[in-house]
$ cat target01.cif   # mmCIF, C-alpha atoms
data_entry
loop_
_atom_site.group_PDB
_atom_site.id
_atom_site.type_symbol
_atom_site.label_atom_id
_atom_site.label_comp_id
_atom_site.auth_asym_id
_atom_site.auth_seq_id
_atom_site.Cartn_x
_atom_site.Cartn_y
_atom_site.Cartn_z
ATOM 1 C CA MET T 316 5.916 41.312 -20.840
ATOM 2 C CA LEU T 317 7.897 38.988 -18.636
ATOM 3 C CA PRO T 318 11.218 37.920 -20.147
ATOM 4 C CA GLU T 319 10.560 34.332 -19.127
ATOM 5 C CA GLN T 320 7.244 34.127 -20.959
ATOM 6 C CA ALA T 321 8.606 32.868 -24.268
ATOM 7 C CA ALA T 322 10.550 30.074 -22.582
ATOM 8 C CA ILE T 323 7.523 29.125 -20.485
ATOM 9 C CA ARG T 324 5.287 29.023 -23.545
ATOM 10 C CA ARG T 325 7.778 26.753 -25.307
ATOM 11 C CA ALA T 326 7.950 24.422 -22.319
ATOM 12 C CA ALA T 327 4.154 24.439 -21.986
ATOM 13 C CA ALA T 328 3.809 23.599 -25.692
ATOM 14 C CA GLY T 329 6.200 20.659 -25.262
ATOM 15 C CA ILE T 330 4.285 19.371 -22.255
ATOM 16 C CA GLY T 331 1.017 19.905 -24.114
ATOM 17 C CA LEU T 332 2.280 17.930 -27.095
ATOM 18 C CA TYR T 333 3.140 14.977 -24.914
ATOM 19 C CA ALA T 334 -0.194 15.331 -23.094
ATOM 20 C CA GLY T 335 -2.001 15.300 -26.437
ATOM 21 C CA ALA T 336 -0.267 12.095 -27.507
ATOM 22 C CA PHE T 337 -0.887 10.565 -24.101
ATOM 23 C CA GLY T 338 -4.523 11.704 -24.342
ATOM 24 C CA VAL T 339 -4.943 9.956 -27.702
ATOM 25 C CA THR T 340 -3.611 6.791 -26.092
ATOM 26 C CA PHE T 341 -5.929 7.158 -23.126
ATOM 27 C CA GLY T 342 -8.907 7.744 -25.388
ATOM 28 C CA ALA T 343 -8.148 4.675 -27.487
ATOM 29 C CA VAL T 344 -7.393 2.428 -24.510
ATOM 30 C CA SER T 345 -10.455 3.619 -22.596
ATOM 31 C CA THR T 346 -12.934 3.063 -25.427
ATOM 32 C CA THR T 347 -11.471 -0.335 -26.262
ATOM 33 C CA SER T 348 -11.786 -1.181 -22.538
ATOM 34 C CA GLY T 349 -15.552 -0.766 -22.795
ATOM 35 C CA LEU T 350 -16.142 2.850 -21.843
ATOM 36 C CA SER T 351 -18.244 4.991 -24.168
ATOM 37 C CA LEU T 352 -16.886 8.017 -26.014
ATOM 38 C CA THR T 353 -18.758 10.401 -23.718
ATOM 39 C CA GLN T 354 -17.552 8.607 -20.598
ATOM 40 C CA THR T 355 -13.974 8.657 -21.847
ATOM 41 C CA VAL T 356 -13.951 12.364 -22.697
ATOM 42 C CA ALA T 357 -15.841 13.186 -19.479
ATOM 43 C CA MET T 358 -13.077 11.501 -17.503
ATOM 44 C CA SER T 359 -10.371 13.658 -19.080
ATOM 45 C CA ALA T 360 -12.418 16.834 -18.719
ATOM 46 C CA LEU T 361 -13.630 16.180 -15.167
ATOM 47 C CA MET T 362 -10.917 14.083 -13.508
ATOM 48 C CA PHE T 363 -8.023 15.679 -15.368
ATOM 49 C CA THR T 364 -5.316 13.607 -13.716
ATOM 50 C CA GLY T 365 -3.899 11.060 -16.129
ATOM 51 C CA ALA T 366 -2.433 8.442 -13.826
ATOM 52 C CA SER T 367 -5.709 8.127 -11.880
ATOM 53 C CA GLN T 368 -7.671 7.873 -15.115
ATOM 54 C CA PHE T 369 -5.428 5.123 -16.457
ATOM 55 C CA ALA T 370 -5.599 3.326 -13.116
ATOM 56 C CA LEU T 371 -9.400 3.433 -13.067
ATOM 57 C CA VAL T 372 -9.762 2.237 -16.645
ATOM 58 C CA GLY T 373 -7.086 -0.409 -16.120
ATOM 59 C CA VAL T 374 -8.740 -1.847 -13.020
ATOM 60 C CA LEU T 375 -12.179 -1.863 -14.658
ATOM 61 C CA ALA T 376 -10.818 -3.444 -17.840
ATOM 62 C CA ALA T 377 -9.135 -6.163 -15.764
ATOM 63 C CA GLY T 378 -12.521 -7.005 -14.283
ATOM 64 C CA GLY T 379 -12.016 -5.173 -11.002
ATOM 65 C CA THR T 380 -14.958 -3.849 -9.012
ATOM 66 C CA PRO T 381 -15.912 -0.161 -9.330
ATOM 67 C CA PHE T 382 -14.874 0.203 -5.702
ATOM 68 C CA ALA T 383 -11.364 -1.098 -6.410
ATOM 69 C CA GLY T 384 -11.070 1.175 -9.441
ATOM 70 C CA LEU T 385 -12.304 4.170 -7.497
ATOM 71 C CA SER T 386 -9.916 3.469 -4.620
ATOM 72 C CA ALA T 387 -6.918 3.145 -6.918
ATOM 73 C CA ALA T 388 -7.829 6.387 -8.699
ATOM 74 C CA LEU T 389 -8.284 8.313 -5.450
ATOM 75 C CA LEU T 390 -5.159 6.957 -3.766
ATOM 76 C CA LEU T 391 -3.160 7.981 -6.806
ATOM 77 C CA GLY T 392 -4.952 11.352 -6.954
ATOM 78 C CA LEU T 393 -4.068 12.043 -3.338
ATOM 79 C CA ARG T 394 -0.682 13.400 -4.405
ATOM 80 C CA ASN T 395 -2.443 16.350 -6.055
ATOM 81 C CA ALA T 396 -3.658 17.417 -2.591
ATOM 82 C CA PHE T 397 -0.053 17.728 -1.479
ATOM 83 C CA TYR T 398 0.789 19.882 -4.467
ATOM 84 C CA GLY T 399 -1.612 22.405 -2.919
ATOM 85 C CA VAL T 400 1.041 23.616 -0.476
ATOM 86 C CA PRO T 401 3.733 24.623 -2.999
ATOM 87 C CA VAL T 402 1.106 25.848 -5.485
ATOM 88 C CA THR T 403 -0.571 28.201 -3.015
ATOM 89 C CA GLN T 404 2.872 29.489 -2.052
ATOM 90 C CA VAL T 405 3.352 30.543 -5.664
ATOM 91 C CA LEU T 406 -0.214 31.656 -6.424
ATOM 92 C CA GLY T 407 -0.845 33.387 -3.111
ATOM 93 C CA GLN T 408 -4.232 33.829 -1.474
ATOM 94 C CA LEU T 409 -6.807 32.279 -3.776
ATOM 95 C CA GLY T 410 -10.128 32.986 -2.071
ATOM 96 C CA VAL T 411 -13.025 31.864 -4.236
ATOM 97 C CA ARG T 412 -10.660 31.383 -7.212
ATOM 98 C CA ARG T 413 -9.528 28.174 -5.566
ATOM 99 C CA LEU T 414 -12.710 26.541 -6.876
ATOM 100 C CA TRP T 415 -11.450 26.543 -10.445
ATOM 101 C CA THR T 416 -7.728 26.806 -9.735
ATOM 102 C CA ALA T 417 -7.853 23.483 -7.859
ATOM 103 C CA HIS T 418 -8.865 21.604 -11.012
ATOM 104 C CA PHE T 419 -5.518 22.482 -12.610
ATOM 105 C CA VAL T 420 -3.286 21.387 -9.716
ATOM 106 C CA ILE T 421 -1.494 18.370 -11.210
ATOM 107 C CA ASP T 422 2.087 17.080 -11.615
ATOM 108 C CA GLU T 423 3.051 19.235 -14.577
ATOM 109 C CA THR T 424 1.497 22.553 -13.495
ATOM 110 C CA THR T 425 2.997 22.231 -10.009
ATOM 111 C CA ALA T 426 6.434 21.439 -11.390
ATOM 112 C CA MET T 427 6.292 24.368 -13.816
ATOM 113 C CA ALA T 428 4.958 26.830 -11.212
ATOM 114 C CA VAL T 429 7.546 26.073 -8.546
ATOM 115 C CA ALA T 430 10.438 26.046 -11.010
ATOM 116 C CA GLN T 431 10.098 29.786 -11.747
ATOM 117 C CA PRO T 432 12.215 32.504 -10.135
ATOM 118 C CA SER T 433 9.328 34.653 -8.852
ATOM 119 C CA PRO T 434 5.665 34.109 -7.884
ATOM 120 C CA ARG T 435 4.577 36.349 -10.770
ATOM 121 C CA VAL T 436 6.368 34.185 -13.327
ATOM 122 C CA GLY T 437 5.228 31.096 -11.440
ATOM 123 C CA ARG T 438 1.603 32.160 -11.772
ATOM 124 C CA TYR T 439 2.061 32.635 -15.507
ATOM 125 C CA ALA T 440 3.750 29.233 -15.811
ATOM 126 C CA PHE T 441 0.974 27.554 -13.820
ATOM 127 C CA TRP T 442 -1.794 28.896 -16.039
ATOM 128 C CA ALA T 443 0.082 28.605 -19.338
ATOM 129 C CA THR T 444 0.838 24.954 -18.604
ATOM 130 C CA GLY T 445 -2.582 24.257 -17.099
ATOM 131 C CA VAL T 446 -4.654 25.653 -19.949
ATOM 132 C CA THR T 447 -2.459 24.178 -22.712
ATOM 133 C CA LEU T 448 -2.402 20.799 -21.038
ATOM 134 C CA TYR T 449 -6.129 20.758 -20.346
ATOM 135 C CA ALA T 450 -7.015 21.655 -23.927
ATOM 136 C CA LEU T 451 -4.654 19.141 -25.532
ATOM 137 C CA TRP T 452 -5.335 16.366 -23.028
ATOM 138 C CA THR T 453 -9.089 16.615 -23.565
ATOM 139 C CA LEU T 454 -8.839 17.036 -27.351
ATOM 140 C CA GLY T 455 -6.323 14.197 -27.538
ATOM 141 C CA THR T 456 -8.687 11.997 -25.555
ATOM 142 C CA LEU T 457 -11.534 12.855 -27.926
ATOM 143 C CA ALA T 458 -9.379 12.037 -30.951
ATOM 144 C CA GLY T 459 -8.257 8.747 -29.391
ATOM 145 C CA ALA T 460 -11.812 7.843 -28.411
ATOM 146 C CA LEU T 461 -13.046 8.581 -31.942
ATOM 147 C CA VAL T 462 -10.485 6.327 -33.610
ATOM 148 C CA GLY T 463 -10.332 3.910 -30.655
ATOM 149 C CA GLY T 464 -12.834 1.451 -32.059
ATOM 150 C CA GLY T 465 -11.280 1.559 -35.516
ATOM 151 C CA ILE T 466 -7.672 0.884 -34.626
ATOM 152 C CA ASP T 467 -5.966 -2.207 -33.353
ATOM 153 C CA THR T 468 -4.576 -0.929 -30.052
ATOM 154 C CA HIS T 469 -2.791 -4.240 -29.513
ATOM 155 C CA ALA T 470 -0.943 -4.104 -32.839
ATOM 156 C CA LEU T 471 0.036 -0.494 -32.199
ATOM 157 C CA GLY T 472 1.508 -1.438 -28.829
ATOM 158 C CA LEU T 473 -0.713 0.994 -26.950
ATOM 159 C CA ASP T 474 -0.985 -1.425 -24.033
ATOM 160 C CA ALA T 475 2.658 -0.593 -23.291
ATOM 161 C CA ALA T 476 1.828 3.095 -22.865
ATOM 162 C CA ALA T 477 0.310 2.914 -19.392
ATOM 163 C CA PRO T 478 3.081 0.910 -17.689
ATOM 164 C CA ALA T 479 5.723 3.058 -19.436
ATOM 165 C CA ILE T 480 4.100 6.244 -18.190
ATOM 166 C CA PHE T 481 3.634 4.843 -14.693
ATOM 167 C CA LEU T 482 7.320 3.946 -14.723
ATOM 168 C CA ALA T 483 8.271 7.402 -15.995
ATOM 169 C CA LEU T 484 6.240 9.061 -13.233
ATOM 170 C CA LEU T 485 7.750 6.711 -10.672
ATOM 171 C CA TRP T 486 11.336 7.210 -11.770
ATOM 172 C CA PRO T 487 12.099 10.702 -10.371
ATOM 173 C CA GLN T 488 10.357 9.781 -7.120
ATOM 174 C CA LEU T 489 12.680 6.877 -6.409
ATOM 175 C CA SER T 490 15.302 9.282 -5.067
ATOM 176 C CA ARG T 491 12.969 9.986 -2.153
ATOM 177 C CA HIS T 492 14.008 8.560 1.208
ATOM 178 C CA ARG T 493 12.905 4.899 1.549
ATOM 179 C CA ALA T 494 11.298 5.016 -1.925
ATOM 180 C CA PRO T 495 13.225 2.049 -3.417
ATOM 181 C CA ALA T 496 12.264 -0.118 -0.439
ATOM 182 C CA VAL T 497 8.630 0.986 -0.672
ATOM 183 C CA ALA T 498 8.586 0.351 -4.431
ATOM 184 C CA PHE T 499 10.015 -3.122 -3.900
ATOM 185 C CA GLY T 500 7.563 -3.840 -1.082
ATOM 186 C CA ALA T 501 4.633 -2.591 -3.152
ATOM 187 C CA VAL T 502 5.566 -4.808 -6.107
ATOM 188 C CA LEU T 503 5.947 -7.786 -3.783
ATOM 189 C CA VAL T 504 2.615 -7.238 -1.989
ATOM 190 C CA THR T 505 0.825 -6.641 -5.283
ATOM 191 C CA LEU T 506 2.200 -9.692 -7.056
ATOM 192 C CA VAL T 507 1.566 -11.981 -4.093
ATOM 193 C CA LEU T 508 -2.060 -10.832 -3.992
ATOM 194 C CA VAL T 509 -2.697 -11.078 -7.767
ATOM 195 C CA PRO T 510 -3.990 -14.666 -7.773
ATOM 196 C CA LEU T 511 -5.613 -14.374 -4.341
ATOM 197 C CA VAL T 512 -7.905 -11.335 -4.419
ATOM 198 C CA PRO T 513 -10.174 -9.722 -7.049
ATOM 199 C CA ALA T 514 -8.592 -7.502 -9.717
ATOM 200 C CA GLY T 515 -7.699 -4.010 -8.588
ATOM 201 C CA LEU T 516 -7.350 -4.840 -4.911
ATOM 202 C CA PRO T 517 -3.635 -5.773 -5.168
ATOM 203 C CA ILE T 518 -2.987 -2.182 -6.317
ATOM 204 C CA VAL T 519 -5.037 -0.702 -3.492
ATOM 205 C CA ALA T 520 -3.257 -2.962 -0.998
ATOM 206 C CA ALA T 521 0.071 -1.492 -2.096
ATOM 207 C CA ALA T 522 -0.966 1.771 -0.423
ATOM 208 C CA ILE T 523 -0.446 0.079 2.937
ATOM 209 C CA VAL T 524 3.244 -0.334 2.111
ATOM 210 C CA ALA T 525 3.546 3.445 1.638
ATOM 211 C CA ILE T 526 1.799 4.175 4.911
ATOM 212 C CA VAL T 527 3.928 1.664 6.811
ATOM 213 C CA GLY T 528 7.034 3.055 5.115
ATOM 214 C CA GLY T 529 6.120 6.623 6.040
ATOM 215 C CA LEU T 530 5.290 6.037 9.687
ATOM 216 C CA PRO T 531 8.691 5.648 11.317
ATOM 217 C CA PRO T 532 10.667 8.875 11.752
ATOM 218 C CA THR T 533 13.384 9.393 9.183
ATOM 219 C CA ARG T 534 16.145 9.729 11.744
ATOM 220 C CA ALA T 535 16.555 8.257 15.202
ATOM 221 C CA ARG T 536 15.830 11.023 17.699
ATOM 222 C CA PRO T 537 18.803 12.094 19.795
ATOM 223 C CA THR T 538 17.621 10.426 22.971
ATOM 224 C CA VAL T 539 20.304 12.010 25.110
ATOM 225 C CA GLU T 540 19.174 15.550 24.442
ATOM 226 C CA GLU T 541 15.523 14.779 24.917
ATOM 227 C CA THR T 542 14.039 15.997 28.130
ATOM 228 C CA MET E 63 -22.545 0.904 -9.188
ATOM 229 C CA SER E 64 -22.827 1.852 -12.824
ATOM 230 C CA LEU E 65 -19.906 3.001 -14.907
ATOM 231 C CA TRP E 66 -21.145 6.586 -14.898
ATOM 232 C CA VAL E 67 -21.472 6.653 -11.122
ATOM 233 C CA THR E 68 -17.904 5.353 -10.812
ATOM 234 C CA ILE E 69 -16.573 7.937 -13.253
ATOM 235 C CA LEU E 70 -18.394 10.819 -11.606
ATOM 236 C CA ALA E 71 -17.451 9.680 -8.107
ATOM 237 C CA ALA E 72 -13.802 9.389 -9.137
ATOM 238 C CA SER E 73 -13.922 12.811 -10.813
ATOM 239 C CA LEU E 74 -15.534 14.418 -7.803
ATOM 240 C CA GLY E 75 -13.091 12.661 -5.484
ATOM 241 C CA CYS E 76 -10.031 13.711 -7.482
ATOM 242 C CA TYR E 77 -11.301 17.297 -7.633
ATOM 243 C CA GLY E 78 -12.040 17.210 -3.896
ATOM 244 C CA LEU E 79 -8.472 16.126 -3.187
ATOM 245 C CA LYS E 80 -7.079 18.968 -5.310
ATOM 246 C CA LEU E 81 -9.430 21.448 -3.636
ATOM 247 C CA ALA E 82 -8.474 20.211 -0.171
ATOM 248 C CA GLY E 83 -4.830 20.766 -1.087
ATOM 249 C CA VAL E 84 -5.295 24.434 -1.923
ATOM 250 C CA SER E 85 -7.754 24.981 0.961
ATOM 251 C CA LEU E 86 -6.362 23.173 3.995
ATOM 252 C CA PRO E 87 -3.890 25.075 6.178
ATOM 253 C CA ALA E 88 -0.341 24.189 5.162
ATOM 254 C CA SER E 89 0.382 22.930 8.685
ATOM 255 C CA VAL E 90 -1.945 19.966 8.191
ATOM 256 C CA LEU E 91 -0.315 18.825 4.972
ATOM 257 C CA ASN E 92 3.166 19.734 6.165
ATOM 258 C CA HIS E 93 3.088 17.373 9.134
ATOM 259 C CA PRO E 94 6.255 15.278 8.669
ATOM 260 C CA ARG E 95 4.557 11.920 9.099
ATOM 261 C CA VAL E 96 1.733 12.856 6.723
ATOM 262 C CA GLN E 97 4.279 14.211 4.248
ATOM 263 C CA ARG E 98 6.375 11.045 4.303
ATOM 264 C CA ALA E 99 3.424 8.698 3.859
ATOM 265 C CA ALA E 100 1.914 10.921 1.168
ATOM 266 C CA GLY E 101 5.215 11.211 -0.674
ATOM 267 C CA LEU E 102 5.590 7.456 -0.684
ATOM 268 C CA LEU E 103 2.001 6.784 -1.738
ATOM 269 C CA PRO E 104 2.522 7.476 -5.457
ATOM 270 C CA VAL E 105 5.731 5.423 -5.293
ATOM 271 C CA ALA E 106 3.789 2.418 -3.999
ATOM 272 C CA MET E 107 0.772 2.899 -6.268
ATOM 273 C CA LEU E 108 2.823 3.429 -9.426
ATOM 274 C CA SER E 109 5.059 0.437 -8.643
ATOM 275 C CA ALA E 110 1.957 -1.684 -8.098
ATOM 276 C CA LEU E 111 0.435 -0.447 -11.373
ATOM 277 C CA VAL E 112 3.611 -1.243 -13.304
ATOM 278 C CA ALA E 113 3.732 -4.700 -11.727
ATOM 279 C CA THR E 114 0.115 -5.563 -12.535
ATOM 280 C CA ALA E 115 0.317 -4.080 -16.036
ATOM 281 C CA LEU E 116 3.273 -6.333 -16.767
ATOM 282 C CA PHE E 117 2.567 -9.551 -14.878
ATOM 283 C CA ASP E 118 -1.130 -9.795 -14.058
ATOM 284 C CA ALA E 119 -3.396 -11.397 -16.637
ATOM 285 C CA ASP E 120 -6.857 -11.665 -15.084
ATOM 286 C CA GLY E 121 -5.615 -12.908 -11.750
ATOM 287 C CA ARG E 122 -2.966 -15.218 -13.173
ATOM 288 C CA TYR E 123 0.738 -14.595 -13.564
ATOM 289 C CA ALA E 124 1.602 -14.025 -17.180
ATOM 290 C CA ALA E 125 3.889 -11.779 -19.151
ATOM 291 C CA ASP E 126 3.353 -10.374 -22.611
ATOM 292 C CA TRP E 127 6.947 -10.447 -23.798
ATOM 293 C CA ASP E 128 6.523 -7.756 -26.447
ATOM 294 C CA ARG E 129 5.025 -5.354 -23.922
ATOM 295 C CA LEU E 130 7.619 -6.293 -21.313
ATOM 296 C CA PHE E 131 10.418 -5.619 -23.772
ATOM 297 C CA GLY E 132 8.824 -2.306 -24.818
ATOM 298 C CA VAL E 133 8.613 -1.132 -21.219
ATOM 299 C CA GLY E 134 12.171 -2.403 -20.683
ATOM 300 C CA VAL E 135 13.397 -0.184 -23.515
ATOM 301 C CA ALA E 136 11.455 2.696 -21.926
ATOM 302 C CA ALA E 137 13.243 1.995 -18.640
ATOM 303 C CA VAL E 138 16.606 2.228 -20.391
ATOM 304 C CA ALA E 139 15.519 5.572 -21.870
ATOM 305 C CA LEU E 140 14.646 6.743 -18.357
ATOM 306 C CA VAL E 141 18.067 5.725 -17.057
ATOM 307 C CA LEU E 142 19.578 7.720 -19.915
ATOM 308 C CA GLY E 143 17.520 10.727 -18.816
ATOM 309 C CA ARG E 144 15.270 10.952 -21.874
ATOM 310 C CA SER E 145 12.094 13.023 -21.794
ATOM 311 C CA LEU E 146 8.614 11.630 -21.201
ATOM 312 C CA VAL E 147 7.717 11.879 -24.890
ATOM 313 C CA VAL E 148 10.705 9.735 -25.874
ATOM 314 C CA VAL E 149 10.058 7.184 -23.107
ATOM 315 C CA PHE E 150 6.391 6.955 -24.041
ATOM 316 C CA GLY E 151 7.103 6.748 -27.779
ATOM 317 C CA LEU E 152 9.814 4.110 -27.405
ATOM 318 C CA ALA E 153 7.601 1.828 -25.307
ATOM 319 C CA ILE E 154 4.789 1.879 -27.855
ATOM 320 C CA ALA E 155 7.019 1.701 -30.917
ATOM 321 C CA THR E 156 9.154 -1.163 -29.569
ATOM 322 C CA THR E 157 6.091 -3.192 -28.606
ATOM 323 C CA ALA E 158 4.409 -2.536 -31.948
ATOM 324 C CA VAL E 159 7.504 -3.411 -33.983
ATOM 325 C CA LEU E 160 8.062 -6.626 -32.011
ATOM 326 C CA ARG E 161 4.469 -7.657 -32.684
ATOM 327 C CA LEU E 162 4.876 -6.864 -36.344
ATOM 328 C CA VAL E 163 8.001 -8.981 -36.793
ATOM 329 C CA THR E 164 7.173 -11.909 -34.507
#

$ encode --input "target01.cif" --output "C-alpha cells"
Amino acid sequence: MLPEQAAIRRAAAGIGLYAGAFGVTFGAVSTTSGLSLTQTVAMSALMFTGASQFALVGVLAAGGTPFAGLSAALLLGLRNAFYGVPVTQVLGQLGVRRLWTAHFVIDETTAMAVAQPSPRVGRYAFWATGVTLYALWTLGTLAGALVGGGIDTHALGLDAAAPAIFLALLWPQLSRHRAPAVAFGAVLVTLVLVPLVPAGLPIVAAAIVAIVGGLPPTRARPTVEET
Amino acid sequence: MSLWVTILAASLGCYGLKLAGVSLPASVLNHPRVQRAAGLLPVAMLSALVATALFDADGRYAADWDRLFGVGVAAVALVLGRSLVVVFGLAIATTAVLRLVT
C-alpha cells in the first residue's frame, strides 16, 4: 500500500526486538525484587511505560514507600501526557478512540509517528510500532518473570540495565535548553538527600529542580518594546 | 498500601496522564512555561534515577564498580551514537564479564 510501510515495519521490528530484550530484563529484575509473576506482567500490560515501571520497582526494591514509588512513576510518566499534542496532530480527531489510543502514547510510538512525511503514514507508524512494542514488551516481561527466579540477575549484570537505559533516554534530551544544568542540579539534590530521607524521595525531590529550571523565561523580554 | 494497590494506582495514573495528553486542548499543554518544566522533568527524573542506581545503597553512598564500569561503557557507546540495543547490551555484558573475571 504505502511505499513507506516496509521501512516502518523494519523499524518497528527493531524497536520491538529491543523492547523484548528490555522486557525480559524488567521481568527478571521485577520478580527478583519481590514482585510476583502476575504483578510483574500486569505492570507491563497495564502501565506500559518502561521507565516508570523500572522506577517503581527500583524504589520499592530499595525499601522506598509505595507513595515514593508511585510518585516517581507518575512524575516520569508525565512526559507521555505531553506527547499527546504531537500525536493528536498526526492521528487527527480521536473521539472515543482516544480511550485505547492513549495507552499506546509512549516515547517510541510518538517518535515514529512524528517522523513520517504525512499523517497517513504517521498513523500507520504509530500503530505498527505500538502493537509490536506492546506485544514484545509484555511477552518479554513474561519470559523474564518466568526465568527471573531461576537466574542469577547479579551475575548476568542485569542491575546495570536500568541505569544504562535511563542514561540512554536522558542522552538525547540533554540538548534541550537548560537541560545540562537541570541534570547536574538533579544529581546534586538527589545525592545530597540519599542519606537524609527515605529511599525513593531523593528521586521525587529531583522534580523540583525541573520545575525551578522551567519557570524563568528562556530569553530576557525586550523591556524597551514592552508597553 | 499493598503492592497490588500501588501497581494498579501507578497503572491507572500513567494511563490517566496519557489520556489527558490526547484529550486536553493543545493550548493547555503548549503553554511555554508548562512546556519548559515538562520538558525538563524527564531530564531531572532520569538523572536522579541514574545517580541513585549508581551511588545509593540503601541510604548510604556506595558504588558497585562493575556496574559503574558497565554503565560507563554504555555512556561511551551513547557518545559514539550507538543504538539503544547496543547501549543496553554493552552495559549488561560489561558488568557480567567484569563479575566473571574479578

$ resolve_selection --input "target01.cif" --expression "the PyMOL selection byres ((chain T and resi 467) around 12)" --output "list in words"
Thr340, Ala343, Val344, Thr346, Thr347, Gly459, Val462, Gly463, Gly464, Gly465, Ile466, Thr468, His469, Ala470, Leu471, Gly472, Leu473 and Asp474 of chain T; Ala158 and Arg161 of chain E

$ atom_distance --input "target01.cif" --atom1 "CA of Ser386 (chain T)" --atom2 "CA of Val372 (chain T)"
12.1 Å

$ interface_residues --input "target01.cif" --of "chain E" --to "chain T" --cutoff "7 Å" --atoms "all atoms listed in the file" --output "PyMOL selection string"
chain E and resi 63+68-69+72-73+75-77+79-84+88+91+95+98-100+102-113+115+118+120-122+129+132-133+136+140+146-147+150+153-155+157-158+161

$ residues_around --input "target01.cif" --residues "Leu451 (chain T)" --least-positions-apart "2" --cutoff "9 Å" --atoms "all atoms listed in the file" --output "JSON, numbers by chain"
{"T": [331, 332, 333, 334, 335, 336, 338, 446, 447, 448, 449, 453, 454, 455, 456]}

$ atom_distance --input "target01.cif" --atom1 "CA of Val159 (chain E)" --atom2 "CA of Val339 (chain T)"
19.3 Å

$ atom_distance --input "target01.cif" --atom1 "CA of Val436 (chain T)" --atom2 "CA of Ala321 (chain T)"
11.2 Å

$ axis_aligned_box --input "target01.cif" --around "region 489-499 of chain T" --padding-each-side "6 Å" --output "AutoDock Vina command-line options"
--center_x 11.9 --center_y 3.4 --center_z -2.4 --size_x 18.7 --size_y 25.1 --size_z 20.0

$ resolve_selection --input "target01.cif" --expression "the PyMOL selection byres ((chain T and resi 424) around 9)" --output "PDB file with C-alpha atoms, keeping the file's coordinate frame"
ATOM      1  CA  VAL T 402       1.106  25.848  -5.485  1.00  0.00           C
ATOM      2  CA  PHE T 419      -5.518  22.482 -12.610  1.00  0.00           C
ATOM      3  CA  VAL T 420      -3.286  21.387  -9.716  1.00  0.00           C
ATOM      4  CA  ILE T 421      -1.494  18.370 -11.210  1.00  0.00           C
ATOM      5  CA  ASP T 422       2.087  17.080 -11.615  1.00  0.00           C
ATOM      6  CA  GLU T 423       3.051  19.235 -14.577  1.00  0.00           C
ATOM      7  CA  THR T 425       2.997  22.231 -10.009  1.00  0.00           C
ATOM      8  CA  ALA T 426       6.434  21.439 -11.390  1.00  0.00           C
ATOM      9  CA  MET T 427       6.292  24.368 -13.816  1.00  0.00           C
ATOM     10  CA  ALA T 428       4.958  26.830 -11.212  1.00  0.00           C
ATOM     11  CA  VAL T 429       7.546  26.073  -8.546  1.00  0.00           C
ATOM     12  CA  ALA T 440       3.750  29.233 -15.811  1.00  0.00           C
ATOM     13  CA  PHE T 441       0.974  27.554 -13.820  1.00  0.00           C
ATOM     14  CA  TRP T 442      -1.794  28.896 -16.039  1.00  0.00           C
ATOM     15  CA  ALA T 443       0.082  28.605 -19.338  1.00  0.00           C
ATOM     16  CA  THR T 444       0.838  24.954 -18.604  1.00  0.00           C
ATOM     17  CA  GLY T 445      -2.582  24.257 -17.099  1.00  0.00           C
ATOM     18  CA  LEU T 448      -2.402  20.799 -21.038  1.00  0.00           C
TER      19      LEU T 448
END

$ closest_residue --input "target01.cif" --among "E:Gly101, E:Gly134, E:Ala139, E:Leu160" --to "Leu116 (chain E)" --atoms "only C-alpha atoms"
E:Gly134

$ closest_residue --input "target01.cif" --among "E:Val90, E:Leu142, E:Leu130, E:Val163" --to "Thr114 (chain E)" --atoms "all atoms listed in the file"
E:Leu130

$ closest_residue --input "target01.cif" --among "E:Leu74, E:Thr164, E:Leu152, E:Ser85" --to "Trp127 (chain E)" --atoms "all atoms listed in the file"
E:Thr164

$ decode --input "target01.cif" --residues "region 123-138 of chain E" --atoms "C-alpha atoms" --output "CSV table (one decimal), in the first residue's frame"
chain,number,residue,atom,x,y,z
E,123,TYR,CA,26.8,6.2,49.5
E,124,ALA,CA,28.4,3.2,47.8
E,125,ALA,CA,29.4,2.2,44.3
E,126,ASP,CA,29.3,-1.2,42.7
E,127,TRP,CA,32.4,-0.8,40.5
E,128,ASP,CA,31.4,-3.5,38.0
E,129,ARG,CA,28.0,-1.8,37.4
E,130,LEU,CA,29.6,1.6,37.3
E,131,PHE,CA,32.1,0.5,34.7
E,132,GLY,CA,29.3,-1.2,32.7
E,133,VAL,CA,27.2,2.0,32.6
E,134,GLY,CA,30.4,3.9,31.8
E,135,VAL,CA,30.9,1.8,28.7
E,136,ALA,CA,27.3,2.4,27.8
E,137,ALA,CA,27.9,6.1,28.1
E,138,VAL,CA,30.8,5.9,25.7
